[in-house]
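Structure file start.pdb; described as PDB, C-alpha atoms.
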```pdb
ATOM      1  CA  ARG V   1     126.615 148.350 205.338
ATOM      2  CA  ARG V   2     123.654 150.595 204.496
ATOM      3  CA  GLN V   3     126.069 153.348 203.442
ATOM      4  CA  HIS V   4     127.935 150.934 201.168
ATOM      5  CA  HIS V   5     124.711 149.839 199.464
ATOM      6  CA  SER V   6     123.613 153.467 199.120
ATOM      7  CA  GLU V   7     126.829 154.429 197.301
ATOM      8  CA  ALA V   8     126.528 151.372 195.034
ATOM      9  CA  ASP V   9     122.944 152.320 194.177
ATOM     10  CA  LYS V  10     123.992 155.884 193.362
ATOM     11  CA  GLN V  11     126.796 154.657 191.116
ATOM     12  CA  ARG V  12     124.441 152.274 189.343
ATOM     13  CA  SER V  13     121.904 155.076 188.843
ATOM     14  CA  ARG V  14     124.603 157.348 187.393
ATOM     15  CA  SER V  15     125.735 154.625 185.003
ATOM     16  CA  ILE V  16     122.171 153.990 183.828
ATOM     17  CA  ALA V  17     121.544 157.721 183.334
ATOM     18  CA  ALA V  18     124.778 158.100 181.347
ATOM     19  CA  TYR V  19     123.872 155.137 179.132
ATOM     20  CA  GLN V  20     120.354 156.440 178.514
ATOM     21  CA  SER V  21     121.740 159.878 177.669
ATOM     22  CA  SER V  22     124.203 158.322 175.209
ATOM     23  CA  VAL V  23     121.488 156.257 173.503
ATOM     24  CA  LYS V  24     119.217 159.296 173.204
ATOM     25  CA  ALA V  25     122.041 161.408 171.754
ATOM     26  CA  GLU V  26     122.765 158.810 169.069
ATOM     27  CA  GLN V  27     119.084 158.430 168.191
ATOM     28  CA  GLU V  28     118.760 162.186 167.673
ATOM     29  CA  CYS V  29     122.157 162.693 166.017
ATOM     30  CA  PRO V  30     121.941 163.597 162.292
ATOM     31  CA  LEU V  31     125.394 162.054 161.715
ATOM     32  CA  CYS V  32     124.922 158.618 163.304
ATOM     33  CA  LEU V  33     124.215 155.868 160.771
ATOM     34  CA  SER V  34     121.594 154.333 163.051
ATOM     35  CA  SER V  35     119.705 157.591 163.537
ATOM     36  CA  THR V  36     116.370 158.169 161.831
ATOM     37  CA  LYS V  37     117.310 161.855 161.544
ATOM     38  CA  ARG V  38     120.269 161.136 159.263
ATOM     39  CA  PRO V  39     119.654 162.339 155.664
ATOM     40  CA  LYS V  40     120.209 158.977 153.946
ATOM     41  CA  HIS V  41     120.096 160.404 150.415
ATOM     42  CA  LEU V  42     123.363 162.315 151.031
ATOM     43  CA  VAL V  43     125.470 159.225 151.823
ATOM     44  CA  VAL V  44     128.027 158.454 149.094
ATOM     45  CA  ALA V  45     130.061 155.565 150.517
ATOM     46  CA  ILE V  46     130.316 153.587 153.757
ATOM     47  CA  GLY V  47     133.675 152.300 154.970
ATOM     48  CA  GLN V  48     134.609 150.018 157.833
ATOM     49  CA  MET V  49     134.781 152.727 160.515
ATOM     50  CA  SER V  50     133.599 155.904 158.776
ATOM     51  CA  TYR V  51     131.446 157.041 155.890
ATOM     52  CA  LEU V  52     131.390 159.745 153.225
ATOM     53  CA  ARG V  53     128.381 161.967 152.614
ATOM     54  CA  LEU V  54     127.638 165.164 150.766
ATOM     55  CA  GLN V  55     127.278 168.413 152.655
ATOM     56  CA  SER V  56     123.677 169.628 152.843
ATOM     57  CA  PRO V  57     122.786 172.005 149.975
ATOM     58  CA  LYS V  58     122.172 174.918 152.366
ATOM     59  CA  GLN V  59     125.666 174.631 153.857
ATOM     60  CA  SER V  60     127.645 173.613 150.776
ATOM     61  CA  ILE V  61     130.119 176.261 149.596
ATOM     62  CA  ALA V  62     131.673 174.437 146.632
ATOM     63  CA  GLU V  63     130.888 171.688 144.174
ATOM     64  CA  GLY V  64     132.069 168.451 145.743
ATOM     65  CA  HIS V  65     131.792 169.746 149.322
ATOM     66  CA  CYS V  66     131.367 166.648 151.490
ATOM     67  CA  LEU V  67     131.884 165.206 154.977
ATOM     68  CA  ILE V  68     133.915 162.307 156.338
ATOM     69  CA  VAL V  69     132.074 161.042 159.423
ATOM     70  CA  PRO V  70     133.254 158.433 161.968
ATOM     71  CA  THR V  71     130.551 155.783 162.416
ATOM     72  CA  GLU V  72     131.197 155.835 166.167
ATOM     73  CA  HIS V  73     129.554 158.709 168.046
ATOM     74  CA  ILE V  74     132.763 160.481 169.165
ATOM     75  CA  PRO V  75     133.362 164.212 169.795
ATOM     76  CA  SER V  76     136.681 164.492 167.913
ATOM     77  CA  THR V  77     139.056 162.467 165.746
ATOM     78  CA  ARG V  78     141.579 162.843 168.550
ATOM     79  CA  ALA V  79     139.334 160.457 170.478
ATOM     80  CA  ALA V  80     139.189 157.961 167.588
ATOM     81  CA  ASP V  81     140.910 154.581 167.653
ATOM     82  CA  ASP V  82     143.576 153.549 165.136
ATOM     83  CA  ASN V  83     141.173 151.650 162.868
ATOM     84  CA  THR V  84     138.914 154.697 162.550
ATOM     85  CA  LEU V  85     141.879 156.967 161.757
ATOM     86  CA  ILE V  86     143.088 154.564 159.068
ATOM     87  CA  ASP V  87     139.639 154.449 157.491
ATOM     88  CA  ILE V  88     139.363 158.256 157.511
ATOM     89  CA  ARG V  89     142.825 158.538 155.972
ATOM     90  CA  ASN V  90     141.823 156.172 153.162
ATOM     91  CA  PHE V  91     138.857 158.401 152.317
ATOM     92  CA  LYS V  92     141.160 161.441 152.363
ATOM     93  CA  LYS V  93     143.658 159.829 149.975
ATOM     94  CA  SER V  94     140.911 158.909 147.523
ATOM     95  CA  LEU V  95     139.453 162.418 147.593
ATOM     96  CA  VAL V  96     142.849 164.082 147.130
ATOM     97  CA  ARG V  97     143.510 161.935 144.052
ATOM     98  CA  MET V  98     140.037 162.564 142.629
ATOM     99  CA  PHE V  99     140.183 166.344 142.954
ATOM    100  CA  ALA V 100     143.834 166.512 141.851
ATOM    101  CA  ALA V 101     142.694 165.069 138.520
ATOM    102  CA  GLU V 102     140.506 168.195 138.224
ATOM    103  CA  GLY V 103     143.383 170.548 139.066
ATOM    104  CA  LYS V 104     142.110 171.197 142.587
ATOM    105  CA  GLN V 105     143.510 170.843 146.078
ATOM    106  CA  VAL V 106     141.472 169.851 149.113
ATOM    107  CA  LEU V 107     140.823 171.401 152.508
ATOM    108  CA  PHE V 108     140.021 169.049 155.394
ATOM    109  CA  MET V 109     138.490 170.927 158.347
ATOM    110  CA  GLU V 110     137.434 169.705 161.780
ATOM    111  CA  LEU V 111     135.948 171.783 164.598
ATOM    112  CA  ALA V 112     136.013 169.847 167.862
ATOM    113  CA  LYS V 113     134.214 171.587 170.703
ATOM    114  CA  GLY V 114     131.638 170.786 173.375
ATOM    115  CA  LEU V 115     133.680 167.683 174.121
ATOM    116  CA  ASP V 116     132.020 167.202 177.503
ATOM    117  CA  ARG V 117     128.565 166.857 175.940
ATOM    118  CA  SER V 118     127.318 163.471 174.751
ATOM    119  CA  ARG V 119     125.527 164.943 171.749
ATOM    120  CA  SER V 120     128.788 165.975 170.031
ATOM    121  CA  HIS V 121     129.571 163.883 166.926
ATOM    122  CA  THR V 122     132.563 165.099 164.971
ATOM    123  CA  CYS V 123     132.987 165.195 161.216
ATOM    124  CA  ILE V 124     135.641 166.386 158.786
ATOM    125  CA  GLU V 125     134.482 168.846 156.166
ATOM    126  CA  VAL V 126     136.030 168.330 152.732
ATOM    127  CA  VAL V 127     136.159 171.396 150.484
ATOM    128  CA  PRO V 128     137.830 171.370 147.046
ATOM    129  CA  ILE V 129     139.522 174.673 146.149
ATOM    130  CA  PRO V 130     141.579 175.934 143.174
ATOM    131  CA  GLY V 131     145.028 174.373 143.035
ATOM    132  CA  SER V 132     146.770 177.757 142.976
ATOM    133  CA  SER V 133     145.163 179.200 146.121
ATOM    134  CA  GLN V 134     146.955 179.673 149.459
ATOM    135  CA  PRO V 135     144.307 179.219 152.163
ATOM    136  CA  GLU V 136     146.791 179.242 155.056
ATOM    137  CA  LEU V 137     146.892 183.055 155.046
ATOM    138  CA  PHE V 138     143.126 183.350 155.429
ATOM    139  CA  PHE V 139     142.968 180.853 158.272
ATOM    140  CA  LYS V 140     145.798 182.541 160.177
ATOM    141  CA  GLN V 141     143.927 185.831 159.915
ATOM    142  CA  ALA V 142     140.687 184.187 161.063
ATOM    143  CA  PHE V 143     142.435 182.624 164.070
ATOM    144  CA  GLU V 144     143.808 186.016 165.089
ATOM    145  CA  GLN V 145     140.397 187.659 164.801
ATOM    146  CA  ALA V 146     138.672 184.905 166.782
ATOM    147  CA  SER V 147     141.205 185.076 169.616
ATOM    148  CA  SER V 148     140.855 187.689 172.318
ATOM    149  CA  GLU V 149     143.163 190.670 172.090
ATOM    150  CA  TRP V 150     144.058 189.962 175.731
ATOM    151  CA  ASP V 151     145.012 186.360 174.963
ATOM    152  CA  THR V 152     148.785 186.282 175.421
ATOM    153  CA  ASN V 153     148.911 182.539 174.677
ATOM    154  CA  HIS V 154     147.529 182.903 171.147
ATOM    155  CA  ALA V 155     150.864 182.116 169.461
ATOM    156  CA  LYS V 156     151.211 178.917 171.477
ATOM    157  CA  ARG V 157     147.718 177.788 170.473
ATOM    158  CA  CYS V 158     148.368 177.841 166.705
ATOM    159  CA  LEU V 159     150.549 174.890 165.689
ATOM    160  CA  ALA V 160     151.708 173.485 162.376
ATOM    161  CA  THR V 161     150.757 169.885 161.621
ATOM    162  CA  GLY V 162     152.099 167.436 159.072
ATOM    163  CA  LYS V 163     151.544 163.892 157.872
ATOM    164  CA  SER V 164     151.288 162.580 161.445
ATOM    165  CA  GLY V 165     148.210 164.738 162.047
ATOM    166  CA  LEU V 166     147.112 165.541 165.598
ATOM    167  CA  SER V 167     148.494 162.609 167.561
ATOM    168  CA  ASP V 168     151.608 164.396 168.835
ATOM    169  CA  LYS V 169     150.149 167.916 168.937
ATOM    170  CA  ILE V 170     147.217 167.906 171.339
ATOM    171  CA  PRO V 171     145.978 165.481 174.014
ATOM    172  CA  PRO V 172     142.422 164.111 173.944
ATOM    173  CA  GLY V 173     139.814 166.253 175.644
ATOM    174  CA  PHE V 174     141.040 169.636 174.386
ATOM    175  CA  PRO V 175     138.817 171.614 171.972
ATOM    176  CA  TYR V 176     140.417 172.599 168.672
ATOM    177  CA  PHE V 177     140.018 173.572 165.038
ATOM    178  CA  HIS V 178     142.202 171.688 162.570
ATOM    179  CA  VAL V 179     142.584 172.480 158.891
ATOM    180  CA  GLU V 180     144.718 170.507 156.445
ATOM    181  CA  VAL V 181     145.688 171.472 152.919
ATOM    182  CA  GLY V 182     145.894 168.082 151.281
ATOM    183  CA  MET V 183     147.523 165.521 153.553
ATOM    184  CA  ASP V 184     151.005 166.949 154.005
ATOM    185  CA  LYS V 185     150.489 170.222 155.881
ATOM    186  CA  GLY V 186     147.979 171.837 158.152
ATOM    187  CA  MET V 187     147.292 174.146 161.085
ATOM    188  CA  LEU V 188     145.935 173.317 164.517
ATOM    189  CA  HIS V 189     144.280 176.039 166.564
ATOM    190  CA  VAL V 190     143.560 175.232 170.209
ATOM    191  CA  LEU V 191     140.323 176.950 171.207
ATOM    192  CA  GLY V 192     140.162 179.300 174.163
ATOM    193  CA  GLN V 193     137.755 179.140 177.072
ATOM    194  CA  ASP V 194     135.026 180.894 175.084
ATOM    195  CA  GLU V 195     134.141 178.172 172.591
ATOM    196  CA  SER V 196     131.026 180.076 171.512
ATOM    197  CA  VAL V 197     133.222 182.333 169.359
ATOM    198  CA  TYR V 198     133.759 179.368 167.040
ATOM    199  CA  LYS V 199     130.450 178.711 165.328
ATOM    200  CA  PRO V 200     129.779 175.398 163.542
ATOM    201  CA  GLY V 201     130.382 177.154 160.217
ATOM    202  CA  PHE V 202     133.682 178.742 161.297
ATOM    203  CA  GLY V 203     135.754 176.876 158.709
ATOM    204  CA  ARG V 204     133.289 177.523 155.897
TER     205      ARG V 204
END
```

Translate this file's structure into structure tokens.
Amino acid sequence: RRQHHSEADKQRSRSIAAYQSSVKAEQECPLCLSSTKRPKHLVVAIGQMSYLRLQSPKQSIAEGHCLIVPTEHIPSTRAADDNTLIDIRNFKKSLVRMFAAEGKQVLFMELAKGLDRSRSHTCIEVVPIPGSSQPELFFKQAFEQASSEWDTNHAKRCLATGKSGLSDKIPPGFPYFHVEVGMDKGMLHVLGQDESVYKPGFGR
């Protein structure tokens, strides 16, 4: 009986610690809407399950560079529920139409890593580029350079994606980099064991 109570106490303590860690992560997260560290002046629009904000001036690489951020503190869009994915897709459609009117196409980039850490809050970077450019070639080259020369599974880790996105390409819990050109085509790169190779600004 004492052993049973001891295990229950340990489980309760673990649950409390996990909850406290989650609350602390959200309070200190610069992407959570409830966080005091979020730069409020960069927010453009708030949807039902996600919001749109400008990229910070120091990290912006193009006029109109912005972020689509899930309101829930989740490590990747692969972990998002259907309502969040629909809301993100609505933002994407609006941005594609807006930039198309300016003769531009749009890159949507997501780096999902550190998935086992509670502080990870994913976002999708939105970068408008000239309509005539072919960014796929540059990303393929970058994937090859980032992968180890001894990595024989490199070809299997780079997958084409389409309108259905990631749902049928990679299970939740796997780290990845996903880039879409518009909403019809994209590339998914499954990260190797050394996630440190992929810096937060890898896509930029």

Inset, instruction - Taking the file above as input, evaluate the PyMOL selection byres ((chain V and resi 136) around 9) and report the hits as a list in words. - result: Gln134, Pro135, Leu137, Phe138, Phe139, Lys140, Gln141, Val179, Val181, Gly186 and Met187 of chain V

Legend entry - For CA of Gly64 in chain V and CA of Glu144 in chain V, the interatomic separation in Å (one decimal):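 So the answer is 28.6 Å.
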
Could you work out an axis-aligned bounding box for all listed atoms of range 8-12 of chain V, with 4 Å added on each of the six sides, and give its centre and edge lengths in Å to one decimal, as lines of an AutoDock Vina configuration file?
```
center_x = 124.9
center_y = 153.6
center_z = 192.2
size_x = 11.9
size_y = 12.5
size_z = 13.7
```

Legend entry - Minimum-distance residue to Ile61 in chain V, chosen among V:Gly103, V:Pro128, V:Gly47, V:Gly114 (using all atoms listed in the file): V:Pro128

Legend entry - Which residue of V:Met109, V:Ala80, V:Leu54, V:Leu42 approaches Leu67 in chain V most closely, using all atoms listed in the file: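 Selected residue with least distance to Leu67 in chain V: V:Leu54.
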
Legend entry - V:Ala8, V:Ala112, V:Val96, V:Ala62 ranked by distance to Pro200 in chain V, top pick (using only C-alpha atoms):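 For Pro200 in chain V, the nearest of the given residues is V:Ala112.
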
Legend entry - Protein/DNA/RNA residues near (120.8, 160.2, 158.4), cut 12 Å, only C-alpha atoms, as a list in words: Glu26, Gln27, Glu28, Cys29, Pro30, Leu31, Cys32, Leu33, Ser34, Ser35, Thr36, Lys37, Arg38, Pro39, Lys40, His41, Leu42, Val43, Val44, Tyr51, Leu52, Arg53, Leu54, Gln55, Ser56, Val69 and Thr71 of chain V

Inset, instruction - Please identify all polymer residues lying at most 10 Å from the point (140.7, 161.4, 154.6) (file coordinates), using only C-alpha atoms, and present the result as a PyMOL selection string. - result: chain V and resi 50+52+67-69+85-96+108+124-126+182-183

Legend entry - Closest of V:Arg97, V:Lys199, V:Lys185, V:Arg157 to Lys113 in chain V - atom-to-atom distances counting all atoms listed in the file: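 Using all atoms listed in the file, Lys113 in chain V sits closest to V:Lys199.
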
Inset, instruction - To one decimal in Å, tell me the separation between CA of Arg78 in chain V and CA of Gly173 in chain V. - result: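 Interatomic distance here is 8.1 Å.
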
Inset, instruction - Would you mind reading off the distance between CA of Thr161 in chain V and CA of His189 in chain V, one decimal, in Å? - result: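 Value for the CA of Thr161 in chain V-CA of His189 in chain V distance: 10.2 Å.
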
Report as a tab-separated table the residues of range 92-202 of chain V within 6 Å of range 72-77 of chain V, each with its shortest atom pair and distance in Å (one decimal), using all atoms listed in the file, ordered by chain and increasing residue number.
```
residue	atom	partner	partner_atom	distance
V:Ala112	CA	V:Ser76	CA	5.4
V:Leu115	CA	V:Pro75	CA	5.6
V:Ser120	CA	V:Pro75	CA	4.9
V:His121	CA	V:Pro75	CA	4.8
V:Thr122	CA	V:Pro75	CA	5.0
```

Inset, instruction - Any chance you could resolve the PyMOL selection byres ((chain V and resi 159) around 6) against this file and give the residues as number ranges by chain? - result: V: 158, 160, 187-188
